[in-house]
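Enquirer: I have a structure here, written as structure tokens, and I will follow up with some questions on it.
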Amino acid sequence: MNKNALYNIACGLFVLTASDGSKQNGCIINTVMQVTSNPVKISITVNKSNFTTEMILKTKRFNISCIDESADFALFKNFGFSSGRDTDKFASFNGYKTAENGINYVTVGTNAYFSAKVTDTVDVGTHLIFVAEVEDAEVLSDTPSATYSYYHKNIKPKPQENKSEKTRWVCKICGYIYEGEELPEDFICPICKHPASDFEKI
């Protein structure tokens with residue numbers, strides 16, 4: 001099976017944010033969709049290991065910021081390359097506001113946001129699907145949304161030339177580099193949590 005075919009699914013990219021009352025956090029996800037129109041409900045899919053997931057399980061609320069084509073790689077690096085367990089992702093990030101539900105949403109490199117309350121949770125293995133009723137929403141700009149394909153072609157930096165003699169493997173999702181002759185089959189990217197199948201030899 002050629003898993004690269006998955007990159008041709010026209011999905012967008014989003015900053016998912018949550019708060020447990022004492023801390024604000026966020027991560028990058030690529031699965032958000034509208035599931036009903038009355039009431040308006042959306043679904044999101046999030047890796048179980050994400051700290052943001054733990055917050056949502058606790059509070060049943062989250063915000064979604066829709067990333068647009070004006071976003072730069074710094075946005076992805078800030079929300080996707082570290083864990084909120086040991087990093088305050090909003091400490092040095094100024095492009096946000098706080099919604100009425102008390103959760104931050106991103107205003108830089110985004111074109112809309114949604115505030116939602118979880119109504120159902122589905123366990124699908126490595127991820128959880130949250131179905132949620134939209135409580136608030138706003139359009140922030142008319143810049144087109146960034147698709148996963150757009151991110152790979154225009155935002156994500158290209159791998160740098162290998163000046164080392166070591167064999168290197170690059171994560172096709174976030175760009176993390178693993179050095180070693182063989183990439184272990186059970187290797188998980190420490191940055192984006194994707195498996196060894198999403199790495200390619202440089």
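By order of appearance in the structure tokens: chains A, B, ..., then residues from 1 within every chain, and ligands from 1 in the order shown.
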May I have the residues within 10 Å of Gln34 of chain A as a ChimeraX atom specification, using only C-alpha atoms and disregarding those fewer than 6 positions away in the same chain?
Expert: /A:40-44,131-134
Enquirer: With C-alpha atoms retained, could you export that selection as an mmCIF file, in the first residue's frame?
Expert:
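Output saved as out.cif:
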data_model
loop_
_atom_site.group_PDB
_atom_site.id
_atom_site.type_symbol
_atom_site.label_atom_id
_atom_site.label_comp_id
_atom_site.auth_asym_id
_atom_site.auth_seq_id
_atom_site.Cartn_x
_atom_site.Cartn_y
_atom_site.Cartn_z
ATOM 1 C CA VAL A 40 -24.277 22.726 13.938
ATOM 2 C CA LYS A 41 -21.898 19.956 14.970
ATOM 3 C CA ILE A 42 -18.322 19.258 13.943
ATOM 4 C CA SER A 43 -16.020 16.318 14.539
ATOM 5 C CA ILE A 44 -12.284 16.361 15.187
ATOM 6 C CA VAL A 131 -18.181 15.140 18.089
ATOM 7 C CA ALA A 132 -19.081 18.599 19.352
ATOM 8 C CA GLU A 133 -21.799 21.211 19.083
ATOM 9 C CA VAL A 134 -20.552 24.587 17.834
#
Enquirer: Considering only strand (DSSP E) as DSSP defines it on the backbone, what residues of segment 24-194 of chain A qualify? List them as a count of residues only.
Expert: 67
Enquirer: Between A:Thr110, A:Ser82, A:Thr147, A:Ser197, which residue has the minimum interatomic distance to Gly12 of chain A, considering only C-alpha atoms?
Expert: A:Thr147
Enquirer: To one decimal place in Å, what is the distance between atom CA of Tyr178 of chain A and atom CA of Leu13 of chain A?
Expert: 24.6 Å
Enquirer: Please identify all polymer residues within 12 Å of Cys189 of chain A, counting only C-alpha atoms, omitting same-chain residues fewer than 2 positions from it, and present them as number ranges by chain.
Expert: A: 80-82, 169-178, 183-187, 191-199
Enquirer: Could you dump the residues just selected with N, CA and C atoms as a PDB file, in the first residue's frame?
Expert:
ATOM      1  N   GLY A  80       3.153  22.464  16.974  1.00  0.00           N
ATOM      2  CA  GLY A  80       3.272  21.071  16.593  1.00  0.00           C
ATOM      3  C   GLY A  80       4.566  20.374  16.955  1.00  0.00           C
ATOM      4  N   PHE A  81       5.581  21.114  17.418  1.00  0.00           N
ATOM      5  CA  PHE A  81       6.896  20.496  17.612  1.00  0.00           C
ATOM      6  C   PHE A  81       7.294  20.340  19.074  1.00  0.00           C
ATOM      7  N   SER A  82       6.379  20.554  19.987  1.00  0.00           N
ATOM      8  CA  SER A  82       6.678  20.359  21.407  1.00  0.00           C
ATOM      9  C   SER A  82       5.393  19.970  22.126  1.00  0.00           C
ATOM     10  N   TRP A 169      16.878   9.688   8.054  1.00  0.00           N
ATOM     11  CA  TRP A 169      15.481   9.427   7.697  1.00  0.00           C
ATOM     12  C   TRP A 169      14.675  10.656   8.094  1.00  0.00           C
ATOM     13  N   VAL A 170      13.838  11.149   7.191  1.00  0.00           N
ATOM     14  CA  VAL A 170      13.070  12.359   7.475  1.00  0.00           C
ATOM     15  C   VAL A 170      11.584  12.026   7.609  1.00  0.00           C
ATOM     16  N   CYS A 171      10.955  12.612   8.611  1.00  0.00           N
ATOM     17  CA  CYS A 171       9.504  12.472   8.779  1.00  0.00           C
ATOM     18  C   CYS A 171       8.823  13.316   7.704  1.00  0.00           C
ATOM     19  N   LYS A 172       7.983  12.692   6.896  1.00  0.00           N
ATOM     20  CA  LYS A 172       7.302  13.401   5.809  1.00  0.00           C
ATOM     21  C   LYS A 172       6.207  14.324   6.334  1.00  0.00           C
ATOM     22  N   ILE A 173       5.881  14.199   7.614  1.00  0.00           N
ATOM     23  CA  ILE A 173       4.832  15.038   8.195  1.00  0.00           C
ATOM     24  C   ILE A 173       5.411  16.344   8.737  1.00  0.00           C
ATOM     25  N   CYS A 174       6.425  16.227   9.615  1.00  0.00           N
ATOM     26  CA  CYS A 174       6.926  17.430  10.290  1.00  0.00           C
ATOM     27  C   CYS A 174       8.366  17.786   9.950  1.00  0.00           C
ATOM     28  N   GLY A 175       9.113  16.883   9.304  1.00  0.00           N
ATOM     29  CA  GLY A 175      10.478  17.197   8.929  1.00  0.00           C
ATOM     30  C   GLY A 175      11.536  16.750   9.926  1.00  0.00           C
ATOM     31  N   TYR A 176      11.139  16.078  11.006  1.00  0.00           N
ATOM     32  CA  TYR A 176      12.098  15.584  11.993  1.00  0.00           C
ATOM     33  C   TYR A 176      13.084  14.621  11.321  1.00  0.00           C
ATOM     34  N   ILE A 177      14.380  14.702  11.702  1.00  0.00           N
ATOM     35  CA  ILE A 177      15.423  13.861  11.109  1.00  0.00           C
ATOM     36  C   ILE A 177      15.898  12.829  12.132  1.00  0.00           C
ATOM     37  N   TYR A 178      15.864  11.554  11.720  1.00  0.00           N
ATOM     38  CA  TYR A 178      16.411  10.468  12.534  1.00  0.00           C
ATOM     39  C   TYR A 178      17.695   9.994  11.872  1.00  0.00           C
ATOM     40  N   LEU A 183      15.940   2.450  10.376  1.00  0.00           N
ATOM     41  CA  LEU A 183      14.892   3.070  11.186  1.00  0.00           C
ATOM     42  C   LEU A 183      14.072   1.949  11.815  1.00  0.00           C
ATOM     43  N   PRO A 184      14.008   1.871  13.148  1.00  0.00           N
ATOM     44  CA  PRO A 184      13.241   0.795  13.784  1.00  0.00           C
ATOM     45  C   PRO A 184      11.781   0.795  13.326  1.00  0.00           C
ATOM     46  N   GLU A 185      11.215  -0.404  13.101  1.00  0.00           N
ATOM     47  CA  GLU A 185       9.840  -0.519  12.609  1.00  0.00           C
ATOM     48  C   GLU A 185       8.832   0.098  13.565  1.00  0.00           C
ATOM     49  N   ASP A 186       9.147   0.073  14.871  1.00  0.00           N
ATOM     50  CA  ASP A 186       8.211   0.604  15.863  1.00  0.00           C
ATOM     51  C   ASP A 186       8.539   2.050  16.253  1.00  0.00           C
ATOM     52  N   PHE A 187       9.404   2.716  15.454  1.00  0.00           N
ATOM     53  CA  PHE A 187       9.798   4.080  15.778  1.00  0.00           C
ATOM     54  C   PHE A 187       8.607   5.025  15.651  1.00  0.00           C
ATOM     55  N   ILE A 191       8.229  14.280  17.577  1.00  0.00           N
ATOM     56  CA  ILE A 191       7.614  15.592  17.382  1.00  0.00           C
ATOM     57  C   ILE A 191       6.123  15.477  17.084  1.00  0.00           C
ATOM     58  N   CYS A 192       5.768  14.746  16.012  1.00  0.00           N
ATOM     59  CA  CYS A 192       4.363  14.708  15.574  1.00  0.00           C
ATOM     60  C   CYS A 192       3.670  13.385  15.853  1.00  0.00           C
ATOM     61  N   LYS A 193       4.404  12.433  16.445  1.00  0.00           N
ATOM     62  CA  LYS A 193       3.841  11.140  16.873  1.00  0.00           C
ATOM     63  C   LYS A 193       3.423  10.237  15.716  1.00  0.00           C
ATOM     64  N   HIS A 194       3.938  10.466  14.504  1.00  0.00           N
ATOM     65  CA  HIS A 194       3.624   9.602  13.389  1.00  0.00           C
ATOM     66  C   HIS A 194       4.587   8.409  13.371  1.00  0.00           C
ATOM     67  N   PRO A 195       4.158   7.264  12.796  1.00  0.00           N
ATOM     68  CA  PRO A 195       4.967   6.045  12.829  1.00  0.00           C
ATOM     69  C   PRO A 195       6.081   6.018  11.790  1.00  0.00           C
ATOM     70  N   ALA A 196       6.893   4.954  11.845  1.00  0.00           N
ATOM     71  CA  ALA A 196       8.029   4.796  10.936  1.00  0.00           C
ATOM     72  C   ALA A 196       7.603   4.792   9.473  1.00  0.00           C
ATOM     73  N   SER A 197       6.384   4.373   9.192  1.00  0.00           N
ATOM     74  CA  SER A 197       5.891   4.336   7.796  1.00  0.00           C
ATOM     75  C   SER A 197       5.791   5.724   7.180  1.00  0.00           C
ATOM     76  N   ASP A 198       5.811   6.785   8.009  1.00  0.00           N
ATOM     77  CA  ASP A 198       5.743   8.149   7.489  1.00  0.00           C
ATOM     78  C   ASP A 198       7.131   8.780   7.370  1.00  0.00           C
ATOM     79  N   PHE A 199       8.193   7.946   7.462  1.00  0.00           N
ATOM     80  CA  PHE A 199       9.554   8.425   7.260  1.00  0.00           C
ATOM     81  C   PHE A 199      10.079   7.934   5.916  1.00  0.00           C
TER      82      PHE A 199
END
Enquirer: Would you mind telling me which residue in A:Cys66, A:Ser115, A:Lys89, A:Thr98 lies nearest to Pro144 of chain A when using only C-alpha atoms?
Expert: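 Ranking A:Cys66, A:Ser115, A:Lys89, A:Thr98 by distance to Pro144 of chain A, first place goes to A:Cys66.
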Enquirer: If you measure from atom CA of Gly109 of chain A to atom CA of Gly26 of chain A, what distance in Å do you get, rounded to one decimal?
Expert: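 Pair atom CA of Gly109 of chain A / atom CA of Gly26 of chain A returns 14.8 Å.
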Enquirer: Which of these, A:Glu182, A:Asp123, A:Asp136, A:Asp20, has the shortest distance to Met55 of chain A once you count only C-alpha atoms?
Expert: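 Looking only at the distances to Met55 of chain A, the closest residue turns out to be A:Asp20.
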Enquirer: May I ask which of the residues A:Ser65, A:Ser83, A:Asn78, A:Ser92 is the closest one to Asn111 of chain A, counting only C-alpha atoms?
Expert: A:Ser65
